[in-house]
$ cat target10.cif   # mmCIF, C-alpha atoms and all ligand atoms; chains and numbers go by the auth columns
data_target
loop_
_atom_site.group_PDB
_atom_site.id
_atom_site.type_symbol
_atom_site.label_atom_id
_atom_site.label_comp_id
_atom_site.label_asym_id
_atom_site.label_seq_id
_atom_site.Cartn_x
_atom_site.Cartn_y
_atom_site.Cartn_z
_atom_site.B_iso_or_equiv
_atom_site.auth_seq_id
_atom_site.auth_asym_id
ATOM 1 C CA ARG A 1 -24.726 1.744 11.019 0.00 22 A
ATOM 2 C CA SER A 2 -24.585 -1.881 12.005 0.00 23 A
ATOM 3 C CA LYS A 3 -21.347 -3.502 13.093 0.00 24 A
ATOM 4 C CA LEU A 4 -21.453 -5.650 9.958 0.00 25 A
ATOM 5 C CA SER A 5 -21.450 -2.776 7.474 0.00 26 A
ATOM 6 C CA SER A 6 -18.783 -0.756 9.283 0.00 27 A
ATOM 7 C CA GLN A 7 -15.761 -2.626 10.607 0.00 28 A
ATOM 8 C CA LYS A 8 -12.603 -1.149 12.043 0.00 29 A
ATOM 9 C CA GLU A 9 -9.873 -2.781 9.988 0.00 30 A
ATOM 10 C CA LYS A 10 -6.106 -2.691 9.458 0.00 31 A
ATOM 11 C CA THR A 11 -4.501 -2.706 6.050 0.00 32 A
ATOM 12 C CA LEU A 12 -1.095 -2.113 4.506 0.00 33 A
ATOM 13 C CA GLY A 13 -0.237 1.122 2.743 0.00 34 A
ATOM 14 C CA LEU A 14 2.958 1.352 0.717 0.00 35 A
ATOM 15 C CA ILE A 15 4.470 4.387 -0.973 0.00 36 A
ATOM 16 C CA LYS A 16 6.350 3.004 -3.968 0.00 37 A
ATOM 17 C CA PRO A 17 9.761 4.257 -5.187 0.00 38 A
ATOM 18 C CA ASP A 18 8.463 6.794 -7.754 0.00 39 A
ATOM 19 C CA ALA A 19 6.474 8.643 -5.079 0.00 40 A
ATOM 20 C CA MET A 20 9.066 8.797 -2.303 0.00 41 A
ATOM 21 C CA ASN A 21 9.441 12.527 -3.005 0.00 42 A
ATOM 22 C CA LYS A 22 5.731 12.925 -2.136 0.00 43 A
ATOM 23 C CA ILE A 23 5.674 11.244 1.287 0.00 44 A
ATOM 24 C CA GLY A 24 4.209 14.289 3.037 0.00 45 A
ATOM 25 C CA GLN A 25 1.390 14.812 0.542 0.00 46 A
ATOM 26 C CA ILE A 26 0.455 11.121 0.458 0.00 47 A
ATOM 27 C CA LEU A 27 0.443 10.697 4.248 0.00 48 A
ATOM 28 C CA ASP A 28 -1.717 13.832 4.399 0.00 49 A
ATOM 29 C CA HIS A 29 -4.256 11.983 2.208 0.00 50 A
ATOM 30 C CA VAL A 30 -4.271 9.174 4.765 0.00 51 A
ATOM 31 C CA TYR A 31 -5.300 11.533 7.582 0.00 52 A
ATOM 32 C CA ARG A 32 -7.698 13.646 5.472 0.00 53 A
ATOM 33 C CA ASN A 33 -9.582 10.458 4.619 0.00 54 A
ATOM 34 C CA GLY A 34 -10.061 9.670 8.301 0.00 55 A
ATOM 35 C CA PHE A 35 -7.476 6.931 8.738 0.00 56 A
ATOM 36 C CA MET A 36 -4.837 6.582 11.450 0.00 57 A
ATOM 37 C CA ILE A 37 -1.254 5.430 10.846 0.00 58 A
ATOM 38 C CA THR A 38 -0.239 3.004 13.589 0.00 59 A
ATOM 39 C CA LYS A 39 3.045 1.565 12.255 0.00 60 A
ATOM 40 C CA LEU A 40 5.492 2.979 9.716 0.00 61 A
ATOM 41 C CA LYS A 41 8.806 1.913 8.230 0.00 62 A
ATOM 42 C CA MET A 42 11.062 2.889 5.327 0.00 63 A
ATOM 43 C CA CYS A 43 12.863 -0.009 3.683 0.00 64 A
ATOM 44 C CA LYS A 44 14.477 -1.193 0.471 0.00 65 A
ATOM 45 C CA LEU A 45 13.268 -4.563 -0.790 0.00 66 A
ATOM 46 C CA ASP A 46 15.553 -7.006 -2.543 0.00 67 A
ATOM 47 C CA ARG A 47 14.174 -9.111 -5.380 0.00 68 A
ATOM 48 C CA ASN A 48 13.330 -12.115 -3.176 0.00 69 A
ATOM 49 C CA GLU A 49 11.479 -9.922 -0.697 0.00 70 A
ATOM 50 C CA ALA A 50 9.547 -8.184 -3.479 0.00 71 A
ATOM 51 C CA PHE A 51 8.602 -11.549 -4.963 0.00 72 A
ATOM 52 C CA GLU A 52 7.378 -12.726 -1.566 0.00 73 A
ATOM 53 C CA MET A 53 5.323 -9.550 -1.152 0.00 74 A
ATOM 54 C CA TYR A 54 3.803 -9.863 -4.656 0.00 75 A
ATOM 55 C CA GLN A 55 3.514 -13.693 -4.761 0.00 76 A
ATOM 56 C CA GLU A 56 -0.148 -13.400 -5.863 0.00 77 A
ATOM 57 C CA HIS A 57 1.142 -12.057 -9.223 0.00 78 A
ATOM 58 C CA ARG A 58 3.319 -15.099 -9.987 0.00 79 A
ATOM 59 C CA GLY A 59 2.956 -15.821 -13.718 0.00 80 A
ATOM 60 C CA LYS A 60 1.482 -12.420 -14.629 0.00 81 A
ATOM 61 C CA PRO A 61 3.040 -10.660 -17.645 0.00 82 A
ATOM 62 C CA PHE A 62 3.773 -7.508 -15.636 0.00 83 A
ATOM 63 C CA LEU A 63 5.505 -9.291 -12.719 0.00 84 A
ATOM 64 C CA ASN A 64 9.086 -8.679 -13.868 0.00 85 A
ATOM 65 C CA ASP A 65 8.510 -4.946 -14.472 0.00 86 A
ATOM 66 C CA LEU A 66 6.759 -4.729 -11.105 0.00 87 A
ATOM 67 C CA LEU A 67 9.682 -6.396 -9.276 0.00 88 A
ATOM 68 C CA GLU A 68 12.239 -4.172 -11.065 0.00 89 A
ATOM 69 C CA TYR A 69 10.239 -1.087 -10.166 0.00 90 A
ATOM 70 C CA VAL A 70 9.496 -1.872 -6.533 0.00 91 A
ATOM 71 C CA THR A 71 13.170 -2.777 -5.866 0.00 92 A
ATOM 72 C CA SER A 72 14.495 0.342 -7.664 0.00 93 A
ATOM 73 C CA GLY A 73 14.586 2.433 -4.482 0.00 94 A
ATOM 74 C CA PRO A 74 13.261 2.738 -0.944 0.00 95 A
ATOM 75 C CA VAL A 75 9.578 2.317 -0.135 0.00 96 A
ATOM 76 C CA LEU A 76 7.545 3.502 2.854 0.00 97 A
ATOM 77 C CA ALA A 77 5.312 0.877 4.466 0.00 98 A
ATOM 78 C CA PHE A 78 2.610 1.805 6.962 0.00 99 A
ATOM 79 C CA GLU A 79 -0.311 0.257 8.787 0.00 100 A
ATOM 80 C CA VAL A 80 -3.564 2.077 8.004 0.00 101 A
ATOM 81 C CA VAL A 81 -6.385 1.744 10.558 0.00 102 A
ATOM 82 C CA GLY A 82 -9.965 2.883 10.129 0.00 103 A
ATOM 83 C CA GLN A 83 -13.549 1.954 9.319 0.00 104 A
ATOM 84 C CA ASN A 84 -13.602 -0.525 6.432 0.00 105 A
ATOM 85 C CA ALA A 85 -9.945 0.399 5.896 0.00 106 A
ATOM 86 C CA ILE A 86 -9.231 -2.331 3.334 0.00 107 A
ATOM 87 C CA THR A 87 -11.872 -1.135 0.852 0.00 108 A
ATOM 88 C CA ASN A 88 -11.691 2.544 1.746 0.00 109 A
ATOM 89 C CA TRP A 89 -7.900 2.809 1.540 0.00 110 A
ATOM 90 C CA ARG A 90 -8.029 1.315 -1.980 0.00 111 A
ATOM 91 C CA LYS A 91 -10.670 3.922 -2.882 0.00 112 A
ATOM 92 C CA THR A 92 -8.373 6.649 -1.571 0.00 113 A
ATOM 93 C CA ILE A 93 -5.535 5.284 -3.735 0.00 114 A
ATOM 94 C CA GLY A 94 -7.694 5.015 -6.874 0.00 115 A
ATOM 95 C CA PRO A 95 -7.611 2.805 -9.994 0.00 116 A
ATOM 96 C CA THR A 96 -4.391 0.920 -10.883 0.00 117 A
ATOM 97 C CA ASP A 97 -3.699 3.045 -13.986 0.00 118 A
ATOM 98 C CA PRO A 98 -3.085 6.708 -13.052 0.00 119 A
ATOM 99 C CA ALA A 99 -4.561 7.792 -16.433 0.00 120 A
ATOM 100 C CA THR A 100 -7.830 6.058 -15.521 0.00 121 A
ATOM 101 C CA ALA A 101 -7.577 7.523 -12.039 0.00 122 A
ATOM 102 C CA ARG A 102 -7.246 11.045 -13.442 0.00 123 A
ATOM 103 C CA SER A 103 -10.511 10.698 -15.357 0.00 124 A
ATOM 104 C CA GLU A 104 -12.519 8.582 -12.879 0.00 125 A
ATOM 105 C CA ALA A 105 -11.134 9.579 -9.469 0.00 126 A
ATOM 106 C CA PRO A 106 -9.279 12.908 -9.817 0.00 127 A
ATOM 107 C CA ASN A 107 -8.833 13.339 -6.059 0.00 128 A
ATOM 108 C CA SER A 108 -7.215 9.927 -5.621 0.00 129 A
ATOM 109 C CA ILE A 109 -3.538 9.439 -4.763 0.00 130 A
ATOM 110 C CA ARG A 110 -2.752 7.719 -8.061 0.00 131 A
ATOM 111 C CA ALA A 111 -4.466 10.486 -10.052 0.00 132 A
ATOM 112 C CA GLN A 112 -2.302 13.099 -8.372 0.00 133 A
ATOM 113 C CA TYR A 113 1.020 11.305 -7.866 0.00 134 A
ATOM 114 C CA GLY A 114 1.067 8.272 -10.179 0.00 135 A
ATOM 115 C CA THR A 115 3.174 8.169 -13.346 0.00 136 A
ATOM 116 C CA ASP A 116 1.973 5.154 -15.350 0.00 137 A
ATOM 117 C CA LYS A 117 0.407 1.702 -14.972 0.00 138 A
ATOM 118 C CA THR A 118 3.551 0.297 -13.350 0.00 139 A
ATOM 119 C CA ARG A 119 4.774 3.363 -11.468 0.00 140 A
ATOM 120 C CA ASN A 120 1.530 4.170 -9.700 0.00 141 A
ATOM 121 C CA ALA A 121 2.740 5.712 -6.437 0.00 142 A
ATOM 122 C CA CYS A 122 0.976 3.606 -3.856 0.00 143 A
ATOM 123 C CA HIS A 123 -0.261 0.168 -2.827 0.00 144 A
ATOM 124 C CA GLY A 124 -3.172 -1.071 -0.739 0.00 145 A
ATOM 125 C CA SER A 125 -3.940 -4.647 0.296 0.00 146 A
ATOM 126 C CA ASP A 126 -6.913 -6.058 -1.605 0.00 147 A
ATOM 127 C CA SER A 127 -8.474 -8.392 1.014 0.00 148 A
ATOM 128 C CA LEU A 128 -8.500 -9.286 4.697 0.00 149 A
ATOM 129 C CA THR A 129 -6.147 -12.197 3.946 0.00 150 A
ATOM 130 C CA SER A 130 -3.624 -10.152 1.979 0.00 151 A
ATOM 131 C CA ALA A 131 -3.796 -7.297 4.522 0.00 152 A
ATOM 132 C CA ALA A 132 -2.843 -9.715 7.317 0.00 153 A
ATOM 133 C CA ARG A 133 -0.094 -11.310 5.217 0.00 154 A
ATOM 134 C CA GLU A 134 1.366 -8.018 3.972 0.00 155 A
ATOM 135 C CA LEU A 135 1.287 -6.390 7.431 0.00 156 A
ATOM 136 C CA GLU A 136 3.103 -9.419 8.877 0.00 157 A
ATOM 137 C CA PHE A 137 5.629 -9.188 5.999 0.00 158 A
ATOM 138 C CA PHE A 138 6.588 -5.571 6.803 0.00 159 A
ATOM 139 C CA PHE A 139 5.859 -5.611 10.549 0.00 160 A
ATOM 140 C CA PRO A 140 6.567 -9.132 11.841 0.00 161 A
ATOM 141 C CA SER A 141 4.987 -9.848 15.207 0.00 162 A
ATOM 142 C CA THR A 142 7.935 -12.019 16.270 0.00 163 A
ATOM 143 C CA GLY A 143 11.622 -12.348 15.409 0.00 164 A
ATOM 144 C CA PRO A 144 14.631 -10.001 15.196 0.00 165 A
ATOM 145 C CA LYS A 145 13.082 -7.504 12.757 0.00 166 A
ATOM 146 C CA ARG A 146 10.480 -6.633 15.350 0.00 167 A
ATOM 147 C CA ARG A 147 12.864 -4.372 17.306 0.00 168 A
ATOM 148 C CA ASN A 148 12.922 -1.880 14.420 0.00 169 A
ATOM 149 C CA THR A 149 9.203 -1.315 14.701 0.00 170 A
ATOM 150 C CA ALA A 150 7.502 1.147 17.004 0.00 171 A
ATOM 151 C CA GLN A 151 3.749 1.217 17.153 0.00 172 A
ATOM 152 C CA LEU A 152 0.922 3.425 18.398 0.00 173 A
ATOM 153 C CA SER A 153 -0.593 0.387 20.072 0.00 174 A
ATOM 154 C CA ASP A 154 -3.351 2.300 21.834 0.00 175 A
ATOM 155 C CA CYS A 155 -4.758 3.368 18.457 0.00 176 A
ATOM 156 C CA THR A 156 -5.238 -0.140 17.052 0.00 177 A
HETATM 157 P P1 LIG B . -1.557 -2.675 -5.733 0.00 201 A
HETATM 158 O O1 LIG B . -1.606 -4.179 -5.532 0.00 201 A
HETATM 159 O O2 LIG B . -0.141 -2.160 -5.920 0.00 201 A
HETATM 160 O O3 LIG B . -2.306 -1.921 -4.667 0.00 201 A
HETATM 161 O O4 LIG B . -2.298 -2.322 -7.111 0.00 201 A
HETATM 162 P P2 LIG B . -3.641 -2.909 -7.716 0.00 201 A
HETATM 163 O O5 LIG B . -4.255 -3.900 -6.778 0.00 201 A
HETATM 164 O O6 LIG B . -4.442 -1.750 -8.162 0.00 201 A
HETATM 165 O O7 LIG B . -3.096 -3.651 -8.994 0.00 201 A
HETATM 166 P P3 LIG B . -2.597 -5.174 -9.150 0.00 201 A
HETATM 167 O O8 LIG B . -3.375 -5.789 -10.261 0.00 201 A
HETATM 168 O O9 LIG B . -2.586 -5.869 -7.824 0.00 201 A
HETATM 169 O O10 LIG B . -1.115 -4.986 -9.663 0.00 201 A
HETATM 170 C C1 LIG B . -0.042 -4.792 -8.746 0.00 201 A
HETATM 171 C C2 LIG B . 0.902 -3.741 -9.286 0.00 201 A
HETATM 172 O O11 LIG B . 1.551 -4.224 -10.458 0.00 201 A
HETATM 173 C C3 LIG B . 1.764 -3.137 -11.358 0.00 201 A
HETATM 174 N N1 LIG B . 1.016 -3.388 -12.589 0.00 201 A
HETATM 175 N N2 LIG B . 1.512 -3.149 -13.784 0.00 201 A
HETATM 176 N N3 LIG B . 1.841 -2.813 -16.563 0.00 201 A
HETATM 177 C C4 LIG B . 0.740 -3.394 -16.120 0.00 201 A
HETATM 178 O O12 LIG B . -0.111 -3.834 -16.864 0.00 201 A
HETATM 179 C C5 LIG B . 0.567 -3.496 -14.673 0.00 201 A
HETATM 180 N N4 LIG B . -0.503 -3.942 -14.046 0.00 201 A
HETATM 181 C C6 LIG B . -0.211 -3.884 -12.744 0.00 201 A
HETATM 182 C C7 LIG B . 1.275 -1.895 -10.684 0.00 201 A
HETATM 183 O O13 LIG B . 2.358 -1.301 -9.964 0.00 201 A
HETATM 184 C C8 LIG B . 0.232 -2.447 -9.726 0.00 201 A
HETATM 185 O O14 LIG B . -0.026 -1.564 -8.669 0.00 201 A
HETATM 186 MG MG MG B . -3.153 -5.508 -5.874 0.00 202 A
#

$ encode --input "target10.cif" --output "structure tokens" --more "lines below"
Ligand code: RTP
Ligand code: MG
Amino acid sequence: RSKLSSQKEKTLGLIKPDAMNKIGQILDHVYRNGFMITKLKMCKLDRNEAFEMYQEHRGKPFLNDLLEYVTSGPVLAFEVVGQNAITNWRKTIGPTDPATARSEAPNSIRAQYGTDKTRNACHGSDSLTSAARELEFFFPSTGPKRRNTAQLSDCT
């Protein structure tokens, strides 16, 4: 494989509130698909934080339901590292709607642990730009929040 077709990348994984009773199973998917977890943090987002995280969905009809849902309980954020991690982590998660996932990607995380189109268990960044932004949101490289973050720096 050429360097261009196979890049080691970092992306953000997020276990959403409906799947926080499946943390073990979902993190097992991460490792079984060949990724490494290099940062990890449990947190509860307030509405402003959730809106900042999901700013790309400003104006979408589902935004309010999404913000209600993702602030309804704790979430688990983690940095996923691996070959083509941005694309491959989204493949591991599966289609947005768990019903679609169950027919098209039965081994995916959303097929196995998702509830419905809103409560779909997991998130993955959709581009290099959003991966960088979302990782910085949960794991800031500077400032007071940094002290809460440990990292497996020799794996990145
Ligand atoms: P994500 O960002 O969470 O990884 O999911 P995604 O790319 O597959 O889907 P996206 O279009 O970015 O939507 C973000 C999240 O909003 C909720 N959603 N609800 N009810 C609906 O029609 C609807 N559509 C999207 C889901 O929680 C989705 O993951
Ligand atoms: Mg998305």

$ residues_around --input "target10.cif" --residues "Thr136 in chain A" --least-positions-apart "5" --cutoff "12 Å" --atoms "all atoms listed in the file" --output "list in words"
Lys37, Pro38, Asp39, Ala40, Thr117, Asp118, Pro119, Ala120, Thr121, Ala122, Arg123, Ile130, Arg131, Asn141, Ala142 and Cys143 of chain A

$ residues_near_point --input "target10.cif" --point "(-16.5, 3.0, 8.3)" --cutoff "7 Å" --atoms "only C-alpha atoms" --output "list in words"
Ser27, Gln28, Lys29, Gly103, Gln104 and Asn105 of chain A

$ residues_near_ligand --input "target10.cif" --ligand "ligand LIG 201 (chain A)" --cutoff "10 Å" --atoms "only C-alpha atoms and all ligand atoms" --output "number ranges by chain"
A: 33-37, 74-75, 77-78, 81-88, 90-91, 110-112, 114-119, 131, 135, 137-148, 151

$ closest_residue --input "target10.cif" --among "A:Glu70, A:Glu155, A:Asp49, A:Glu125" --to "ligand MG 202 (chain A)" --atoms "all atoms listed in the file"
A:Glu155

$ atom_distance --input "target10.cif" --atom1 "CA of Arg68 in chain A" --atom2 "CA of Glu89 in chain A"
7.8 Å

$ axis_aligned_box --input "target10.cif" --around "range 74-82 of chain A" --padding-each-side "8 Å" --output "AutoDock Vina command-line options"
--center_x 2.6 --center_y -12.7 --center_z -9.4 --size_x 21.5 --size_y 22.3 --size_z 32.5

$ closest_residue --input "target10.cif" --among "A:Thr108, A:Phe159, A:Gln133, A:Ser124" --to "ligand MG 202 (chain A)" --atoms "only C-alpha atoms and all ligand atoms"
A:Thr108

$ atom_distance --input "target10.cif" --atom1 "CA of Ile107 in chain A" --atom2 "CA of Lys60 in chain A"
15.7 Å

$ atom_distance --input "target10.cif" --atom1 "CA of Ser93 in chain A" --atom2 "CA of Lys43 in chain A"
16.3 Å

$ resolve_selection --input "target10.cif" --expression "the PyMOL selection byres (((chain A and resi 48) around 10) and not hetatm)" --output "ChimeraX atom specification"
/A:34,36,43-47,49-53,56-58,99,130

$ write_last_selection --input "target10.cif" --atoms "C-alpha atoms" --output "PDB file, keeping the file's coordinate frame"
ATOM      1  CA  GLY A  34      -0.237   1.122   2.743  1.00  0.00           C
ATOM      2  CA  ILE A  36       4.470   4.387  -0.973  1.00  0.00           C
ATOM      3  CA  LYS A  43       5.731  12.925  -2.136  1.00  0.00           C
ATOM      4  CA  ILE A  44       5.674  11.244   1.287  1.00  0.00           C
ATOM      5  CA  GLY A  45       4.209  14.289   3.037  1.00  0.00           C
ATOM      6  CA  GLN A  46       1.390  14.812   0.542  1.00  0.00           C
ATOM      7  CA  ILE A  47       0.455  11.121   0.458  1.00  0.00           C
ATOM      8  CA  ASP A  49      -1.717  13.832   4.399  1.00  0.00           C
ATOM      9  CA  HIS A  50      -4.256  11.983   2.208  1.00  0.00           C
ATOM     10  CA  VAL A  51      -4.271   9.174   4.765  1.00  0.00           C
ATOM     11  CA  TYR A  52      -5.300  11.533   7.582  1.00  0.00           C
ATOM     12  CA  ARG A  53      -7.698  13.646   5.472  1.00  0.00           C
ATOM     13  CA  PHE A  56      -7.476   6.931   8.738  1.00  0.00           C
ATOM     14  CA  MET A  57      -4.837   6.582  11.450  1.00  0.00           C
ATOM     15  CA  ILE A  58      -1.254   5.430  10.846  1.00  0.00           C
ATOM     16  CA  PHE A  99       2.610   1.805   6.962  1.00  0.00           C
ATOM     17  CA  ILE A 130      -3.538   9.439  -4.763  1.00  0.00           C
TER      18      ILE A 130
END

$ residues_around --input "target10.cif" --residues "Cys64 in chain A" --least-positions-apart "3" --cutoff "7 Å" --atoms "only C-alpha atoms" --output "list of chain:residue names"
A:Pro95, A:Val96, A:Leu97

$ closest_residue --input "target10.cif" --among "A:Asn109, A:Leu66, A:Glu157, A:Gln76" --to "ligand MG 202 (chain A)" --atoms "all atoms listed in the file"
A:Gln76

$ closest_residue --input "target10.cif" --among "A:Ala152, A:Ser162, A:Val102, A:Gly55" --to "ligand MG 202 (chain A)" --atoms "only C-alpha atoms and all ligand atoms"
A:Ala152

$ closest_residue --input "target10.cif" --among "A:Met41, A:Ala98, A:Ala71, A:Ala132" --to "Leu156 in chain A" --atoms "only C-alpha atoms"
A:Ala98

$ closest_residue --input "target10.cif" --among "A:Pro127, A:Asn54, A:Thr92, A:Arg79" --to "Asp67 in chain A" --atoms "all atoms listed in the file"
A:Thr92

$ decode --input "target10.cif" --residues "range 68-82 of chain A" --atoms "N, CA and C atoms" --output "mmCIF file, in the first residue's frame"
data_model
loop_
_atom_site.group_PDB
_atom_site.id
_atom_site.type_symbol
_atom_site.label_atom_id
_atom_site.label_comp_id
_atom_site.auth_asym_id
_atom_site.auth_seq_id
_atom_site.Cartn_x
_atom_site.Cartn_y
_atom_site.Cartn_z
ATOM 1 N N ARG A 68 -26.098 22.403 27.275
ATOM 2 C CA ARG A 68 -26.666 22.694 25.961
ATOM 3 C C ARG A 68 -25.712 23.516 25.077
ATOM 4 N N ASN A 69 -25.032 24.499 25.693
ATOM 5 C CA ASN A 69 -24.091 25.314 24.914
ATOM 6 C C ASN A 69 -22.941 24.489 24.373
ATOM 7 N N GLU A 70 -22.436 23.577 25.199
ATOM 8 C CA GLU A 70 -21.335 22.713 24.760
ATOM 9 C C GLU A 70 -21.797 21.789 23.635
ATOM 10 N N ALA A 71 -22.995 21.238 23.777
ATOM 11 C CA ALA A 71 -23.514 20.335 22.738
ATOM 12 C C ALA A 71 -23.715 21.090 21.430
ATOM 13 N N PHE A 72 -24.183 22.331 21.532
ATOM 14 C CA PHE A 72 -24.381 23.138 20.326
ATOM 15 C C PHE A 72 -23.047 23.454 19.652
ATOM 16 N N GLU A 73 -22.028 23.702 20.487
ATOM 17 C CA GLU A 73 -20.694 23.951 19.914
ATOM 18 C C GLU A 73 -20.181 22.697 19.199
ATOM 19 N N MET A 74 -20.349 21.571 19.844
ATOM 20 C CA MET A 74 -19.909 20.286 19.254
ATOM 21 C C MET A 74 -20.628 20.005 17.932
ATOM 22 N N TYR A 75 -21.933 20.284 17.879
ATOM 23 C CA TYR A 75 -22.746 19.953 16.699
ATOM 24 C C TYR A 75 -23.085 21.190 15.860
ATOM 25 N N GLN A 76 -22.199 22.196 15.868
ATOM 26 C CA GLN A 76 -22.471 23.459 15.152
ATOM 27 C C GLN A 76 -22.736 23.244 13.663
ATOM 28 N N GLU A 77 -22.180 22.178 13.063
ATOM 29 C CA GLU A 77 -22.417 21.920 11.639
ATOM 30 C C GLU A 77 -23.902 21.641 11.350
ATOM 31 N N HIS A 78 -24.686 21.297 12.389
ATOM 32 C CA HIS A 78 -26.101 20.973 12.176
ATOM 33 C C HIS A 78 -27.044 22.133 12.497
ATOM 34 N N ARG A 79 -26.462 23.326 12.677
ATOM 35 C CA ARG A 79 -27.265 24.540 12.878
ATOM 36 C C ARG A 79 -28.320 24.638 11.773
ATOM 37 N N GLY A 80 -29.587 24.832 12.150
ATOM 38 C CA GLY A 80 -30.641 24.972 11.148
ATOM 39 C C GLY A 80 -31.290 23.667 10.703
ATOM 40 N N LYS A 81 -30.709 22.526 11.066
ATOM 41 C CA LYS A 81 -31.308 21.245 10.666
ATOM 42 C C LYS A 81 -32.544 20.940 11.515
ATOM 43 N N PRO A 82 -33.542 20.278 10.931
ATOM 44 C CA PRO A 82 -34.779 20.007 11.686
ATOM 45 C C PRO A 82 -34.573 19.101 12.904
#
